[in-house]
Each structure stands twice: as structure tokens, then as C-alpha cells.
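**Q** So that you have it, the file is model_37.pdb, and it contains PDB, C-alpha atoms, pLDDT in the B column:
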```
MODEL        1
ATOM      1  CA  MET O   1     -16.334  -1.534 -11.021  1.00 92.00           C
ATOM      2  CA  LYS O   2     -16.414  -3.592  -7.862  1.00 97.00           C
ATOM      3  CA  PHE O   3     -14.253  -4.236  -4.824  1.00 98.00           C
ATOM      4  CA  VAL O   4     -13.103  -7.804  -4.280  1.00 98.00           C
ATOM      5  CA  PRO O   5     -10.975  -9.586  -1.688  1.00 98.00           C
ATOM      6  CA  CYS O   6      -7.813 -10.632  -3.506  1.00 98.00           C
ATOM      7  CA  SER O   7      -6.307 -14.092  -3.276  1.00 97.00           C
ATOM      8  CA  TYR O   8      -3.117 -15.633  -4.589  1.00 98.00           C
ATOM      9  CA  GLU O   9      -5.045 -18.003  -6.822  1.00 97.00           C
ATOM     10  CA  ALA O  10      -7.328 -15.378  -8.380  1.00 97.00           C
ATOM     11  CA  HIS O  11      -5.100 -12.294  -8.381  1.00 98.00           C
ATOM     12  CA  GLY O  12      -1.480 -13.301  -7.768  1.00 98.00           C
ATOM     13  CA  GLU O  13      -0.379 -12.903 -11.383  1.00 98.00           C
ATOM     14  CA  ALA O  14      -2.204  -9.584 -11.841  1.00 98.00           C
ATOM     15  CA  ILE O  15      -0.774  -8.128  -8.620  1.00 98.00           C
ATOM     16  CA  LEU O  16       2.687  -9.367  -9.596  1.00 98.00           C
ATOM     17  CA  ALA O  17       2.385  -7.580 -12.949  1.00 98.00           C
ATOM     18  CA  ILE O  18       1.297  -4.346 -11.236  1.00 98.00           C
ATOM     19  CA  LEU O  19       4.117  -4.479  -8.689  1.00 98.00           C
ATOM     20  CA  ASN O  20       6.772  -5.338 -11.250  1.00 98.00           C
ATOM     21  CA  ASP O  21       5.723  -2.446 -13.476  1.00 98.00           C
ATOM     22  CA  VAL O  22       5.974  -0.097 -10.492  1.00 98.00           C
ATOM     23  CA  ILE O  23       9.386  -1.513  -9.540  1.00 98.00           C
ATOM     24  CA  ARG O  24      10.750  -1.124 -13.085  1.00 98.00           C
ATOM     25  CA  HIS O  25       9.343   2.299 -13.906  1.00 97.00           C
ATOM     26  CA  SER O  26       8.788   4.336 -10.754  1.00 97.00           C
ATOM     27  CA  THR O  27       9.983   5.243  -7.307  1.00 97.00           C
ATOM     28  CA  ALA O  28       6.697   4.227  -5.687  1.00 96.00           C
ATOM     29  CA  LEU O  29       8.475   1.041  -4.550  1.00 96.00           C
ATOM     30  CA  TYR O  30      12.084   1.186  -3.443  1.00 97.00           C
ATOM     31  CA  ASP O  31      12.822  -2.268  -4.871  1.00 97.00           C
ATOM     32  CA  TYR O  32      15.400  -2.892  -7.593  1.00 97.00           C
ATOM     33  CA  HIS O  33      14.433  -6.300  -8.933  1.00 97.00           C
ATOM     34  CA  PRO O  34      11.093  -7.623 -10.172  1.00 97.00           C
ATOM     35  CA  ARG O  35       9.360 -10.123  -7.952  1.00 97.00           C
ATOM     36  CA  SER O  36       8.466 -13.725  -8.783  1.00 97.00           C
ATOM     37  CA  MET O  37       5.356 -15.816  -8.258  1.00 97.00           C
ATOM     38  CA  ALA O  38       7.154 -17.444  -5.307  1.00 96.00           C
ATOM     39  CA  ASN O  39       7.487 -13.957  -3.777  1.00 96.00           C
ATOM     40  CA  MET O  40       3.765 -13.437  -4.315  1.00 97.00           C
ATOM     41  CA  LYS O  41       2.875 -16.713  -2.594  1.00 97.00           C
ATOM     42  CA  SER O  42       4.920 -15.670   0.436  1.00 97.00           C
ATOM     43  CA  TRP O  43       3.416 -12.151   0.307  1.00 98.00           C
ATOM     44  CA  PHE O  44      -0.145 -13.510   0.336  1.00 98.00           C
ATOM     45  CA  ASP O  45       0.734 -15.986   3.109  1.00 98.00           C
ATOM     46  CA  THR O  46       2.071 -13.117   5.249  1.00 97.00           C
ATOM     47  CA  LYS O  47      -1.098 -11.104   4.646  1.00 98.00           C
ATOM     48  CA  ALA O  48      -3.256 -14.082   5.639  1.00 97.00           C
ATOM     49  CA  GLN O  49      -1.210 -14.811   8.780  1.00 97.00           C
ATOM     50  CA  GLY O  50      -1.591 -11.201   9.927  1.00 96.00           C
ATOM     51  CA  ASN O  51      -5.274 -11.061   8.932  1.00 97.00           C
ATOM     52  CA  TYR O  52      -4.411  -8.112   6.672  1.00 98.00           C
ATOM     53  CA  PRO O  53      -6.796  -7.391   3.806  1.00 98.00           C
ATOM     54  CA  VAL O  54      -5.822  -7.228   0.161  1.00 98.00           C
ATOM     55  CA  ILE O  55      -8.634  -5.327  -1.516  1.00 98.00           C
ATOM     56  CA  GLY O  56      -8.839  -5.297  -5.276  1.00 98.00           C
ATOM     57  CA  ILE O  57     -10.854  -3.168  -7.642  1.00 98.00           C
ATOM     58  CA  GLU O  58     -12.053  -4.889 -10.812  1.00 98.00           C
ATOM     59  CA  ASN O  59     -13.782  -3.557 -13.896  1.00 97.00           C
ATOM     60  CA  ASP O  60     -16.971  -5.086 -15.301  1.00 96.00           C
ATOM     61  CA  GLU O  61     -14.913  -7.621 -17.274  1.00 96.00           C
ATOM     62  CA  GLY O  62     -13.212  -8.868 -14.098  1.00 95.00           C
ATOM     63  CA  THR O  63      -9.837  -7.284 -14.814  1.00 97.00           C
ATOM     64  CA  LEU O  64      -7.930  -6.247 -11.693  1.00 98.00           C
ATOM     65  CA  MET O  65      -7.344  -2.510 -12.068  1.00 98.00           C
ATOM     66  CA  GLY O  66      -5.515  -2.054  -8.774  1.00 98.00           C
ATOM     67  CA  PHE O  67      -5.269  -3.123  -5.161  1.00 98.00           C
ATOM     68  CA  ALA O  68      -4.695  -1.783  -1.679  1.00 98.00           C
ATOM     69  CA  THR O  69      -3.456  -3.506   1.438  1.00 98.00           C
ATOM     70  CA  TYR O  70      -1.748  -2.941   4.729  1.00 98.00           C
ATOM     71  CA  GLY O  71       0.583  -4.837   6.970  1.00 97.00           C
ATOM     72  CA  ARG O  72       2.728  -4.669  10.054  1.00 95.00           C
ATOM     73  CA  PHE O  73       4.305  -1.268  10.652  1.00 96.00           C
ATOM     74  CA  ARG O  74       7.033  -2.277  13.118  1.00 95.00           C
ATOM     75  CA  GLU O  75       7.848  -5.570  14.840  1.00 93.00           C
ATOM     76  CA  GLN O  76       7.427  -4.539  18.482  1.00 96.00           C
ATOM     77  CA  PRO O  77       4.051  -5.540  19.967  1.00 95.00           C
ATOM     78  CA  ALA O  78       3.116  -2.016  21.092  1.00 97.00           C
ATOM     79  CA  PHE O  79       2.701  -1.137  17.385  1.00 97.00           C
ATOM     80  CA  LYS O  80      -0.156  -3.637  17.015  1.00 97.00           C
ATOM     81  CA  TYR O  81      -2.717  -0.901  16.253  1.00 98.00           C
ATOM     82  CA  THR O  82      -0.557   0.789  13.604  1.00 98.00           C
ATOM     83  CA  VAL O  83      -0.266  -0.495  10.039  1.00 98.00           C
ATOM     84  CA  GLU O  84       1.521   0.676   6.913  1.00 98.00           C
ATOM     85  CA  HIS O  85      -0.586   0.662   3.794  1.00 98.00           C
ATOM     86  CA  SER O  86       0.067   0.570   0.081  1.00 97.00           C
ATOM     87  CA  LEU O  87      -2.020   1.073  -3.022  1.00 98.00           C
ATOM     88  CA  TYR O  88      -1.031   0.398  -6.614  1.00 98.00           C
ATOM     89  CA  LEU O  89      -2.944   0.722  -9.864  1.00 98.00           C
ATOM     90  CA  HIS O  90      -2.280  -1.031 -13.146  1.00 98.00           C
ATOM     91  CA  VAL O  91      -0.639   1.391 -15.578  1.00 96.00           C
ATOM     92  CA  ASP O  92      -3.673   1.217 -17.907  1.00 97.00           C
ATOM     93  CA  PHE O  93      -6.030   2.400 -15.160  1.00 97.00           C
ATOM     94  CA  ARG O  94      -4.107   5.252 -13.557  1.00 95.00           C
ATOM     95  CA  GLY O  95      -5.612   8.726 -13.619  1.00 93.00           C
ATOM     96  CA  ARG O  96      -9.207   7.460 -13.648  1.00 95.00           C
ATOM     97  CA  GLY O  97     -10.144   8.297 -10.068  1.00 96.00           C
ATOM     98  CA  LEU O  98      -9.801   4.739  -8.754  1.00 97.00           C
ATOM     99  CA  ALA O  99      -7.292   5.413  -5.988  1.00 98.00           C
ATOM    100  CA  LYS O 100      -9.625   7.408  -3.759  1.00 98.00           C
ATOM    101  CA  PRO O 101     -12.464   4.852  -3.549  1.00 98.00           C
ATOM    102  CA  LEU O 102      -9.907   2.099  -3.052  1.00 98.00           C
ATOM    103  CA  MET O 103      -8.296   4.012  -0.170  1.00 98.00           C
ATOM    104  CA  VAL O 104     -11.716   4.719   1.359  1.00 98.00           C
ATOM    105  CA  GLU O 105     -12.414   0.975   1.254  1.00 98.00           C
ATOM    106  CA  LEU O 106      -9.057   0.232   2.876  1.00 98.00           C
ATOM    107  CA  ILE O 107      -9.652   2.806   5.623  1.00 98.00           C
ATOM    108  CA  ALA O 108     -13.023   1.185   6.326  1.00 98.00           C
ATOM    109  CA  ALA O 109     -11.305  -2.201   6.638  1.00 98.00           C
ATOM    110  CA  ALA O 110      -8.774  -0.744   9.094  1.00 98.00           C
ATOM    111  CA  ARG O 111     -11.576   0.696  11.204  1.00 97.00           C
ATOM    112  CA  ALA O 112     -13.433  -2.624  11.157  1.00 97.00           C
ATOM    113  CA  GLN O 113     -10.277  -4.386  12.365  1.00 97.00           C
ATOM    114  CA  GLY O 114      -9.767  -1.889  15.182  1.00 97.00           C
ATOM    115  CA  MET O 115      -6.599  -0.323  13.799  1.00 98.00           C
ATOM    116  CA  HIS O 116      -5.712   3.104  15.154  1.00 98.00           C
ATOM    117  CA  VAL O 117      -3.092   4.524  12.773  1.00 98.00           C
ATOM    118  CA  LEU O 118      -2.625   4.081   9.045  1.00 98.00           C
ATOM    119  CA  MET O 119       0.874   5.027   7.882  1.00 98.00           C
ATOM    120  CA  GLY O 120       1.849   5.822   4.329  1.00 98.00           C
ATOM    121  CA  ALA O 121       5.494   6.019   3.275  1.00 98.00           C
ATOM    122  CA  ILE O 122       5.421   7.965   0.004  1.00 98.00           C
ATOM    123  CA  ASP O 123       8.240   9.008  -2.288  1.00 98.00           C
ATOM    124  CA  ALA O 124       8.430  12.786  -1.808  1.00 98.00           C
ATOM    125  CA  GLU O 125       8.135  13.377  -5.561  1.00 97.00           C
ATOM    126  CA  ASN O 126       4.877  11.412  -5.830  1.00 97.00           C
ATOM    127  CA  THR O 127       2.663  14.497  -5.721  1.00 96.00           C
ATOM    128  CA  GLY O 128      -0.438  12.599  -6.842  1.00 95.00           C
ATOM    129  CA  SER O 129      -0.276  10.165  -3.946  1.00 97.00           C
ATOM    130  CA  ILE O 130       0.518  12.945  -1.490  1.00 98.00           C
ATOM    131  CA  ALA O 131      -2.488  14.984  -2.698  1.00 97.00           C
ATOM    132  CA  LEU O 132      -4.761  11.938  -2.363  1.00 97.00           C
ATOM    133  CA  HIS O 133      -3.598  11.264   1.184  1.00 98.00           C
ATOM    134  CA  GLN O 134      -4.105  14.899   2.165  1.00 98.00           C
ATOM    135  CA  LYS O 135      -7.650  14.866   0.710  1.00 98.00           C
ATOM    136  CA  LEU O 136      -8.408  11.827   2.861  1.00 98.00           C
ATOM    137  CA  GLY O 137      -7.213  13.535   6.047  1.00 98.00           C
ATOM    138  CA  PHE O 138      -3.695  12.139   6.307  1.00 98.00           C
ATOM    139  CA  THR O 139      -1.166  14.504   7.842  1.00 98.00           C
ATOM    140  CA  HIS O 140       2.500  14.857   6.964  1.00 98.00           C
ATOM    141  CA  ASN O 141       4.658  13.674   9.827  1.00 97.00           C
ATOM    142  CA  GLY O 142       8.119  14.105   8.427  1.00 98.00           C
ATOM    143  CA  THR O 143      10.406  13.369   5.544  1.00 98.00           C
ATOM    144  CA  ILE O 144      13.416  11.121   5.689  1.00 98.00           C
ATOM    145  CA  ARG O 145      15.915  12.803   3.397  1.00 98.00           C
ATOM    146  CA  GLN O 146      17.880  10.570   1.048  1.00 98.00           C
ATOM    147  CA  ALA O 147      16.271   7.451   2.510  1.00 98.00           C
ATOM    148  CA  GLY O 148      16.598   5.487  -0.700  1.00 98.00           C
ATOM    149  CA  PHE O 149      18.749   5.325  -3.803  1.00 98.00           C
ATOM    150  CA  LYS O 150      17.201   4.280  -7.108  1.00 98.00           C
ATOM    151  CA  PHE O 151      17.632   5.219 -10.775  1.00 98.00           C
ATOM    152  CA  GLY O 152      20.982   6.826  -9.938  1.00 98.00           C
ATOM    153  CA  ARG O 153      19.675   9.364  -7.439  1.00 98.00           C
ATOM    154  CA  TRP O 154      18.777   9.833  -3.788  1.00 98.00           C
ATOM    155  CA  LEU O 155      15.097   9.621  -2.865  1.00 98.00           C
ATOM    156  CA  ASP O 156      13.298  11.356  -0.022  1.00 98.00           C
ATOM    157  CA  LEU O 157      10.568   9.418   1.781  1.00 98.00           C
ATOM    158  CA  SER O 158       7.623  11.349   3.226  1.00 98.00           C
ATOM    159  CA  LEU O 159       5.559   9.858   6.031  1.00 98.00           C
ATOM    160  CA  TYR O 160       1.808  10.457   6.246  1.00 98.00           C
ATOM    161  CA  GLN O 161      -0.569   9.201   8.897  1.00 98.00           C
ATOM    162  CA  LEU O 162      -4.282   8.961   9.502  1.00 98.00           C
ATOM    163  CA  ILE O 163      -5.433   8.527  13.089  1.00 98.00           C
ATOM    164  CA  LEU O 164      -8.657   6.529  13.375  1.00 98.00           C
ATOM    165  CA  PRO O 165     -11.092   6.621  16.321  1.00 96.00           C
ATOM    166  CA  THR O 166     -10.549   2.903  16.897  1.00 94.00           C
ATOM    167  CA  PRO O 167     -10.075   0.581  18.717  1.00 95.00           C
ATOM    168  CA  ALA O 168     -12.821   0.991  21.287  1.00 92.00           C
ATOM    169  CA  ALA O 169     -10.794  -0.590  24.088  1.00 93.00           C
ATOM    170  CA  PRO O 170      -7.051  -0.734  23.350  1.00 96.00           C
ATOM    171  CA  CYS O 171      -5.000  -2.907  25.656  1.00 95.00           C
ATOM    172  CA  ASP O 172      -1.391  -3.665  26.436  1.00 93.00           C
ATOM    173  CA  GLY O 173       0.062  -7.059  25.711  1.00 82.00           C
TER     174      GLY O 173
ENDMDL
END
```
What would you get if you wrote out this structure as C-alpha cells?
**A**
Amino acid sequence: MKFVPCSYEAHGEAILAILNDVIRHSTALYDYHPRSMANMKSWFDTKAQGNYPVIGIENDEGTLMGFATYGRFREQPAFKYTVEHSLYLHVDFRGRGLAKPLMVELIAAARAQGMHVLMGAIDAENTGSIALHQKLGFTHNGTIRQAGFKFGRWLDLSLYQLILPTPAAPCDG
């Protein structure tokens, strides 16, 4: 396995397939409708404009097994050192221990970019993701009860954060 920087051209279709499977079959994404390739183009453009990484993990055959990324947490400029991350694995590669090394790689990227806080918004029933975040030092900072409605039921959203020792010299403005 190897980590690779993802691009629209090389990985757009594979990431779209991963996301659409998650949208259709889980509460890991609070979306109702599958995305399109046009959505993916816009998604990659937004990542590039914000200088946000999209890190993929490929097997020896070059198949994208999953990806992790982060992006803007809130719009106000004082949140510039805080990002919200996401990580998704292809259904065929879940349960193989890939999420932890992918998250470690993403945390390293956040440190290298001088981010200070990584936020994870996790469906409260996603015990696997919660356990992973706790193992990596994320702390639970609250649960928004009935924040979403999907598959005919209310969903609770748990917030987890990891505070990094960066940036070296934060500044206003």
C-alpha cells in the first residue's frame, strides 16, 4: 500500500464511487442524493483553492482503497487554523486497518500546514470511527442531538477534536 496525493483526473471517479456508496448505505455522510462528476470537479477545485490535501491510499495494483481530507471549518477568518476532516474507505477495504495510517498521514499534513485544530463530526452511532479518533488522541467535545434526519430517523452528531502544537507563530488577520 502507498499514500498518494489525489487529483480529479486520477481519482475523481474512485472517490465519487466511495462517497456515493457511503451516501446510499450509511449515516457517515448526511447527504440524501448521490453526487455527480460535476460535483467532484467542484469539490477538487475547492480543495485546491484552500490548499487542502486529499490523501489517498492505494494497494499495489493502484486501486484507491480510501482517502482522507480536510477543509474549512467555519467561514469567519479567526477559524483559519481549524479544519474539519473526513476519511472514507471503499466498501471492499473496510475493516483492514487502513483508517488509522490514513488518519496519521492526514494529521501529519495538518501539522505541516500549521493547522491547530482538527475537527471530526461523526455520527454518534459510528462506534468504529469514534474508537479510531479516541485512539489517535481526539477528545469528545459534545453531541448535537437530532442534528440530522436520514433513513427515517433522527441522527445525533458527535464532535471530536485534536489540538496540535502548531502553528509556531499564530497571528490575527
**Q** To one decimal place, how far is CA of Gly152 in chain O from CA of Gly120 in chain O in Å?
**A**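 Taking CA of Gly152 in chain O as the start and CA of Gly120 in chain O as the end point, the length is 23.9 Å.
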**Q** Which residues, named as in the file, does the PyMOL selection byres ((chain O and resi 170) around 10) pick out? Answer as a VMD selection string.
**A** chain O and resid 80 to 81 114 to 116 166 to 169 171 to 173
**Q** Pull the closest atom pair for each residue of range 32-81 of chain O that gets at most 9 Å from range 24-28 of chain O, along with the distance in Å to one decimal, counting all atoms listed in the file, ordering rows by chain and then ascending residue number, as JSON lines.
**A**
```
{"residue": "O:Tyr32", "atom": "CA", "partner": "O:Arg24", "partner_atom": "CA", "distance": 7.4}
{"residue": "O:His33", "atom": "CA", "partner": "O:Arg24", "partner_atom": "CA", "distance": 7.6}
{"residue": "O:Pro34", "atom": "CA", "partner": "O:Arg24", "partner_atom": "CA", "distance": 7.1}
```
**Q** For this structure, which residues satisfy the selection - the PyMOL selection byres ((chain O and resi 1) around 12) - when it is evaluated on the file as given? I want them as a count of residues only.
**A** 20
**Q** The PyMOL selection byres ((chain O and resi 41-47) around 10) on the file shown: which residues, as a compact mmCIF listing (two decimals) with C-alpha atoms, in the coordinates of the input?
**A**
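Writing the result to expr35.txt gives the following:
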```
# COMPACT_ATOMS: atom_id res chain seq x y z
CA CYS O 6 -7.81 -10.63 -3.51
CA SER O 7 -6.31 -14.09 -3.28
CA TYR O 8 -3.12 -15.63 -4.59
CA GLU O 9 -5.04 -18.00 -6.82
CA GLY O 12 -1.48 -13.30 -7.77
CA SER O 36 8.47 -13.72 -8.78
CA MET O 37 5.36 -15.82 -8.26
CA ALA O 38 7.15 -17.44 -5.31
CA ASN O 39 7.49 -13.96 -3.78
CA MET O 40 3.76 -13.44 -4.32
CA ALA O 48 -3.26 -14.08 5.64
CA GLN O 49 -1.21 -14.81 8.78
CA GLY O 50 -1.59 -11.20 9.93
CA ASN O 51 -5.27 -11.06 8.93
CA TYR O 52 -4.41 -8.11 6.67
CA PRO O 53 -6.80 -7.39 3.81
CA VAL O 54 -5.82 -7.23 0.16
CA THR O 69 -3.46 -3.51 1.44
CA TYR O 70 -1.75 -2.94 4.73
CA GLY O 71 0.58 -4.84 6.97
CA ARG O 72 2.73 -4.67 10.05
```
**Q** Have a look at CA of Ile144 in chain O and CA of Gln113 in chain O and let me know their distance in Å, one decimal.
**A**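 Atom-to-atom, CA of Ile144 in chain O to CA of Gln113 in chain O, that is 29.1 Å.
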**Q** Using CA of Tyr30 in chain O and CA of Ile107 in chain O as the two end points, give the distance in Å to one decimal.
**A** 23.6 Å
**Q** Could you tell me which of O:Glu105, O:Glu125, O:Asp156, O:Asp92 comes closest to Asp21 in chain O if we count all atoms listed in the file?
**A**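 Nearest to Asp21 in chain O: O:Asp92.
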**Q** Counting only C-alpha atoms, write as a list in words all protein and nucleic acid residues lying at most 10 Å from (-6.1, 12.3, 3.4) in the file's frame.
**A**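 Checking each residue against the 10 Å limit leaves Lys100, Met103, Val104, Ser129, Ile130, Ala131, Leu132, His133, Gln134, Lys135, Leu136, Gly137, Phe138, Thr139, His140, Tyr160, Gln161 and Leu162 of chain O.
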**Q** Could you check which of O:Met119, O:Ala124, O:Leu19, O:Ala110 is closest to Asp31 in chain O, using all atoms listed in the file?
**A**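 So, comparing all the options, the nearest one is O:Leu19.
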**Q** For range 2-13 of chain O, take all atoms listed in the file, fit an axis-aligned box around them, add 5 Å to each of the six sides, then output centre and edge lengths in Å rounded to one decimal, as AutoDock Vina command-line options.
**A**
```
--center_x -8.4 --center_y -10.8 --center_z -6.5 --size_x 26.0 --size_y 24.4 --size_z 19.7
```
**Q** May I ask which of the residues O:Phe151, O:Ile122, O:Leu89, O:Ala99 is the closest one to Ala17 in chain O, counting all atoms listed in the file?
**A**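 Ranking O:Phe151, O:Ile122, O:Leu89, O:Ala99 by distance to Ala17 in chain O, first place goes to O:Leu89.
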